file model.txt (compact mmCIF, N, CA and C atoms)
# COMPACT_ATOMS: atom_id res chain seq x y z
N MET A 1 4.24 -7.31 -8.09
CA MET A 1 4.41 -7.04 -6.69
C MET A 1 4.90 -8.28 -5.96
N ALA A 2 5.37 -8.09 -4.74
CA ALA A 2 5.94 -9.18 -3.96
C ALA A 2 4.85 -10.05 -3.35
N ASP A 3 5.28 -11.15 -2.76
CA ASP A 3 4.34 -12.05 -2.10
C ASP A 3 3.75 -11.41 -0.86
N ALA A 4 2.58 -11.86 -0.47
CA ALA A 4 1.94 -11.39 0.75
C ALA A 4 2.75 -11.82 1.95
N LEU A 5 2.85 -10.93 2.93
CA LEU A 5 3.58 -11.22 4.15
C LEU A 5 2.67 -11.83 5.20
N ASP A 6 3.26 -12.62 6.07
CA ASP A 6 2.55 -13.16 7.22
C ASP A 6 2.03 -11.99 8.06
N PRO A 7 0.79 -12.06 8.57
CA PRO A 7 0.25 -10.96 9.37
C PRO A 7 1.12 -10.55 10.55
N GLN A 8 1.95 -11.45 11.07
CA GLN A 8 2.79 -11.11 12.21
C GLN A 8 4.01 -10.29 11.81
N THR A 9 4.34 -10.24 10.52
CA THR A 9 5.53 -9.52 10.07
C THR A 9 5.20 -8.22 9.33
N ARG A 10 3.95 -7.79 9.38
CA ARG A 10 3.55 -6.55 8.73
C ARG A 10 2.64 -5.74 9.66
N PRO A 11 2.40 -4.48 9.33
CA PRO A 11 1.53 -3.66 10.18
C PRO A 11 0.11 -4.22 10.21
N ALA A 12 -0.59 -3.93 11.29
CA ALA A 12 -2.00 -4.32 11.38
C ALA A 12 -2.80 -3.58 10.31
N ASP A 13 -3.89 -4.18 9.86
CA ASP A 13 -4.73 -3.55 8.84
C ASP A 13 -5.30 -2.25 9.40
N PRO A 14 -4.97 -1.10 8.79
CA PRO A 14 -5.47 0.19 9.29
C PRO A 14 -6.91 0.45 8.88
N ALA A 15 -7.48 1.51 9.44
CA ALA A 15 -8.83 1.95 9.06
C ALA A 15 -8.73 2.78 7.78
N CYS A 16 -9.72 2.67 6.93
CA CYS A 16 -9.78 3.45 5.70
C CYS A 16 -9.99 4.93 6.05
N PRO A 17 -9.12 5.82 5.59
CA PRO A 17 -9.29 7.25 5.85
C PRO A 17 -10.56 7.83 5.22
N GLN A 18 -11.08 7.16 4.20
CA GLN A 18 -12.24 7.68 3.49
C GLN A 18 -13.56 7.30 4.16
N CYS A 19 -13.68 6.02 4.59
CA CYS A 19 -14.97 5.59 5.14
C CYS A 19 -14.87 4.99 6.54
N GLY A 20 -13.67 4.71 7.02
CA GLY A 20 -13.49 4.18 8.37
C GLY A 20 -13.50 2.66 8.49
N ALA A 21 -13.81 1.95 7.42
CA ALA A 21 -13.81 0.47 7.46
C ALA A 21 -12.37 -0.03 7.56
N THR A 22 -12.18 -1.24 8.06
CA THR A 22 -10.85 -1.82 8.13
C THR A 22 -10.38 -2.21 6.74
N LEU A 23 -9.17 -1.77 6.38
CA LEU A 23 -8.62 -2.09 5.07
C LEU A 23 -8.19 -3.55 5.01
N THR A 24 -8.19 -4.11 3.82
CA THR A 24 -7.78 -5.49 3.59
C THR A 24 -6.39 -5.48 2.95
N TYR A 25 -5.46 -6.21 3.58
CA TYR A 25 -4.09 -6.29 3.07
C TYR A 25 -4.07 -7.01 1.73
N VAL A 26 -3.28 -6.48 0.77
CA VAL A 26 -3.14 -7.08 -0.55
C VAL A 26 -1.77 -7.71 -0.70
N ASP A 27 -0.71 -6.91 -0.61
CA ASP A 27 0.65 -7.42 -0.70
C ASP A 27 1.65 -6.36 -0.29
N THR A 28 2.94 -6.69 -0.39
CA THR A 28 4.03 -5.79 -0.02
C THR A 28 5.08 -5.80 -1.12
N GLU A 29 5.62 -4.63 -1.39
CA GLU A 29 6.69 -4.46 -2.38
C GLU A 29 7.82 -3.67 -1.72
N ILE A 30 9.05 -4.06 -1.98
CA ILE A 30 10.20 -3.31 -1.47
C ILE A 30 10.56 -2.27 -2.53
N SER A 31 10.52 -0.99 -2.14
CA SER A 31 10.70 0.09 -3.10
C SER A 31 11.12 1.35 -2.36
N SER A 32 11.60 2.34 -3.10
CA SER A 32 11.88 3.65 -2.51
C SER A 32 10.60 4.47 -2.49
N GLY A 33 9.62 4.07 -3.30
CA GLY A 33 8.37 4.81 -3.39
C GLY A 33 8.46 6.01 -4.32
N ALA A 34 9.62 6.25 -4.92
CA ALA A 34 9.82 7.41 -5.79
C ALA A 34 9.63 7.03 -7.25
N PHE A 35 9.13 7.97 -8.03
CA PHE A 35 8.97 7.77 -9.47
C PHE A 35 9.98 8.66 -10.19
N ARG A 36 11.26 8.40 -9.94
CA ARG A 36 12.32 9.19 -10.56
C ARG A 36 13.44 8.26 -10.99
N PRO A 37 14.27 8.69 -11.95
CA PRO A 37 15.38 7.83 -12.39
C PRO A 37 16.34 7.44 -11.27
N GLN A 38 16.55 8.33 -10.29
CA GLN A 38 17.49 8.03 -9.22
C GLN A 38 16.84 7.21 -8.09
N ALA A 39 15.63 6.75 -8.28
CA ALA A 39 14.92 6.01 -7.24
C ALA A 39 15.68 4.76 -6.80
N ALA A 40 16.42 4.13 -7.71
CA ALA A 40 17.16 2.91 -7.37
C ALA A 40 18.25 3.19 -6.35
N SER A 41 18.78 4.41 -6.32
CA SER A 41 19.84 4.73 -5.36
C SER A 41 19.29 5.25 -4.04
N MET A 42 17.98 5.43 -3.94
CA MET A 42 17.36 5.90 -2.71
C MET A 42 17.14 4.72 -1.75
N PRO A 43 17.01 5.01 -0.46
CA PRO A 43 16.79 3.92 0.50
C PRO A 43 15.53 3.11 0.15
N GLN A 44 15.63 1.80 0.26
CA GLN A 44 14.52 0.91 -0.06
C GLN A 44 13.76 0.58 1.23
N MET A 45 12.44 0.51 1.16
CA MET A 45 11.62 0.19 2.32
C MET A 45 10.40 -0.60 1.86
N PRO A 46 9.76 -1.31 2.77
CA PRO A 46 8.54 -2.03 2.38
C PRO A 46 7.38 -1.07 2.17
N ILE A 47 6.65 -1.25 1.08
CA ILE A 47 5.42 -0.52 0.80
C ILE A 47 4.30 -1.55 0.86
N HIS A 48 3.39 -1.38 1.81
CA HIS A 48 2.28 -2.32 2.01
C HIS A 48 1.05 -1.76 1.29
N TYR A 49 0.37 -2.62 0.54
CA TYR A 49 -0.81 -2.21 -0.22
C TYR A 49 -2.07 -2.78 0.41
N PHE A 50 -3.11 -1.94 0.47
CA PHE A 50 -4.39 -2.30 1.07
C PHE A 50 -5.52 -1.86 0.16
N ASP A 51 -6.63 -2.57 0.22
CA ASP A 51 -7.86 -2.19 -0.48
C ASP A 51 -8.97 -2.06 0.55
N CYS A 52 -9.92 -1.17 0.27
CA CYS A 52 -11.10 -1.04 1.11
C CYS A 52 -12.26 -1.74 0.41
N THR A 53 -12.79 -2.77 1.04
CA THR A 53 -13.91 -3.49 0.43
C THR A 53 -15.22 -2.72 0.57
N ALA A 54 -15.27 -1.75 1.48
CA ALA A 54 -16.49 -0.97 1.69
C ALA A 54 -16.66 0.12 0.63
N CYS A 55 -15.65 0.98 0.47
CA CYS A 55 -15.78 2.09 -0.48
C CYS A 55 -14.95 1.91 -1.74
N LYS A 56 -14.28 0.73 -1.87
CA LYS A 56 -13.54 0.35 -3.09
C LYS A 56 -12.36 1.28 -3.41
N THR A 57 -11.69 1.82 -2.38
CA THR A 57 -10.52 2.65 -2.61
C THR A 57 -9.25 1.82 -2.38
N CYS A 58 -8.12 2.29 -2.94
CA CYS A 58 -6.83 1.61 -2.81
C CYS A 58 -5.87 2.51 -2.04
N TRP A 59 -5.06 1.89 -1.17
CA TRP A 59 -4.16 2.63 -0.29
C TRP A 59 -2.81 1.97 -0.25
N LYS A 60 -1.78 2.76 0.09
CA LYS A 60 -0.44 2.20 0.29
C LYS A 60 0.13 2.79 1.58
N LEU A 61 0.91 1.98 2.28
CA LEU A 61 1.49 2.39 3.55
C LEU A 61 2.99 2.18 3.49
N GLY A 62 3.73 3.28 3.45
CA GLY A 62 5.18 3.25 3.55
C GLY A 62 5.51 3.82 4.91
N GLN A 63 5.73 5.12 4.95
CA GLN A 63 5.91 5.81 6.22
C GLN A 63 4.57 6.30 6.76
N ARG A 64 3.60 6.50 5.86
CA ARG A 64 2.24 6.87 6.28
C ARG A 64 1.26 6.35 5.23
N LEU A 65 0.00 6.29 5.60
CA LEU A 65 -1.03 5.77 4.70
C LEU A 65 -1.41 6.83 3.68
N LEU A 66 -1.31 6.49 2.39
CA LEU A 66 -1.60 7.42 1.31
C LEU A 66 -2.50 6.75 0.27
N PRO A 67 -3.28 7.56 -0.47
CA PRO A 67 -4.06 6.99 -1.57
C PRO A 67 -3.12 6.38 -2.61
N ASP A 68 -3.58 5.38 -3.31
CA ASP A 68 -2.81 4.77 -4.39
C ASP A 68 -3.58 4.96 -5.70
N PRO A 69 -3.42 6.12 -6.35
CA PRO A 69 -4.22 6.41 -7.54
C PRO A 69 -3.93 5.47 -8.71
N ILE A 70 -2.71 4.98 -8.85
CA ILE A 70 -2.38 4.08 -9.96
C ILE A 70 -3.16 2.77 -9.82
N ARG A 71 -3.12 2.16 -8.64
CA ARG A 71 -3.88 0.93 -8.44
C ARG A 71 -5.39 1.19 -8.52
N GLN A 72 -5.81 2.38 -8.10
CA GLN A 72 -7.23 2.71 -8.18
C GLN A 72 -7.70 2.73 -9.63
N ILE A 73 -6.88 3.31 -10.51
CA ILE A 73 -7.21 3.36 -11.94
C ILE A 73 -7.21 1.95 -12.53
N LEU A 74 -6.19 1.16 -12.18
CA LEU A 74 -6.10 -0.22 -12.71
C LEU A 74 -7.25 -1.08 -12.22
N ARG A 75 -7.72 -0.81 -11.01
CA ARG A 75 -8.81 -1.61 -10.43
C ARG A 75 -10.15 -1.27 -11.07
N GLY A 76 -10.31 -0.02 -11.53
CA GLY A 76 -11.59 0.46 -12.06
C GLY A 76 -11.94 -0.04 -13.40

call {"tool": "encode", "arguments": {"input": "model.txt", "output": "structure tokens"}}
result
Amino acid sequence: MADALDPQTRPADPACPQCGATLTYVDTEISSGAFRPQAASMPQMPIHYFDCTACKTCWKLGQRLLPDPIRQILRG
């Protein structure tokens, strides 16, 4: 994944949808967010990754905040 961004150049840390605690920023990756062969030709955007220290869930924020099951499995 890419380097962590300065807090002024990324979205504010959102609330965890699962428990309501403030999420902790991990890093940002530029990606289309798609898991398909044609993903490289799709528009690229920043995907921000967050962890919840309260309920130990992983999240990603592209256009909206979504669970990150792959990082959740790797973290477990």

call {"tool": "atom_distance", "arguments": {"input": "model.txt", "atom1": "atom CA of Pro11 of chain A", "atom2": "atom N of Ala54 of chain A"}}
result
19.0 Å

call {"tool": "closest_residue", "arguments": {"input": "model.txt", "among": "A:Thr53, A:Gln72, A:Ser41, A:Ser31", "to": "Cys16 of chain A", "atoms": "only C-alpha atoms"}}
result
A:Thr53

call {"tool": "closest_residue", "arguments": {"input": "model.txt", "among": "A:Leu61, A:Ala15, A:Leu74, A:Ile47", "to": "Thr28 of chain A", "atoms": "only N, CA and C atoms"}}
result
A:Ile47

call {"tool": "atom_distance", "arguments": {"input": "model.txt", "atom1": "atom N of Thr22 of chain A", "atom2": "atom N of Cys52 of chain A"}}
result
8.1 Å

call {"tool": "atom_distance", "arguments": {"input": "model.txt", "atom1": "atom CA of Pro46 of chain A", "atom2": "atom CA of Arg64 of chain A"}}
result
11.6 Å

call {"tool": "closest_residue", "arguments": {"input": "model.txt", "among": "A:Cys55, A:Met45, A:Ile73, A:Ile30", "to": "Pro17 of chain A", "atoms": "only C-alpha atoms"}}
result
A:Cys55
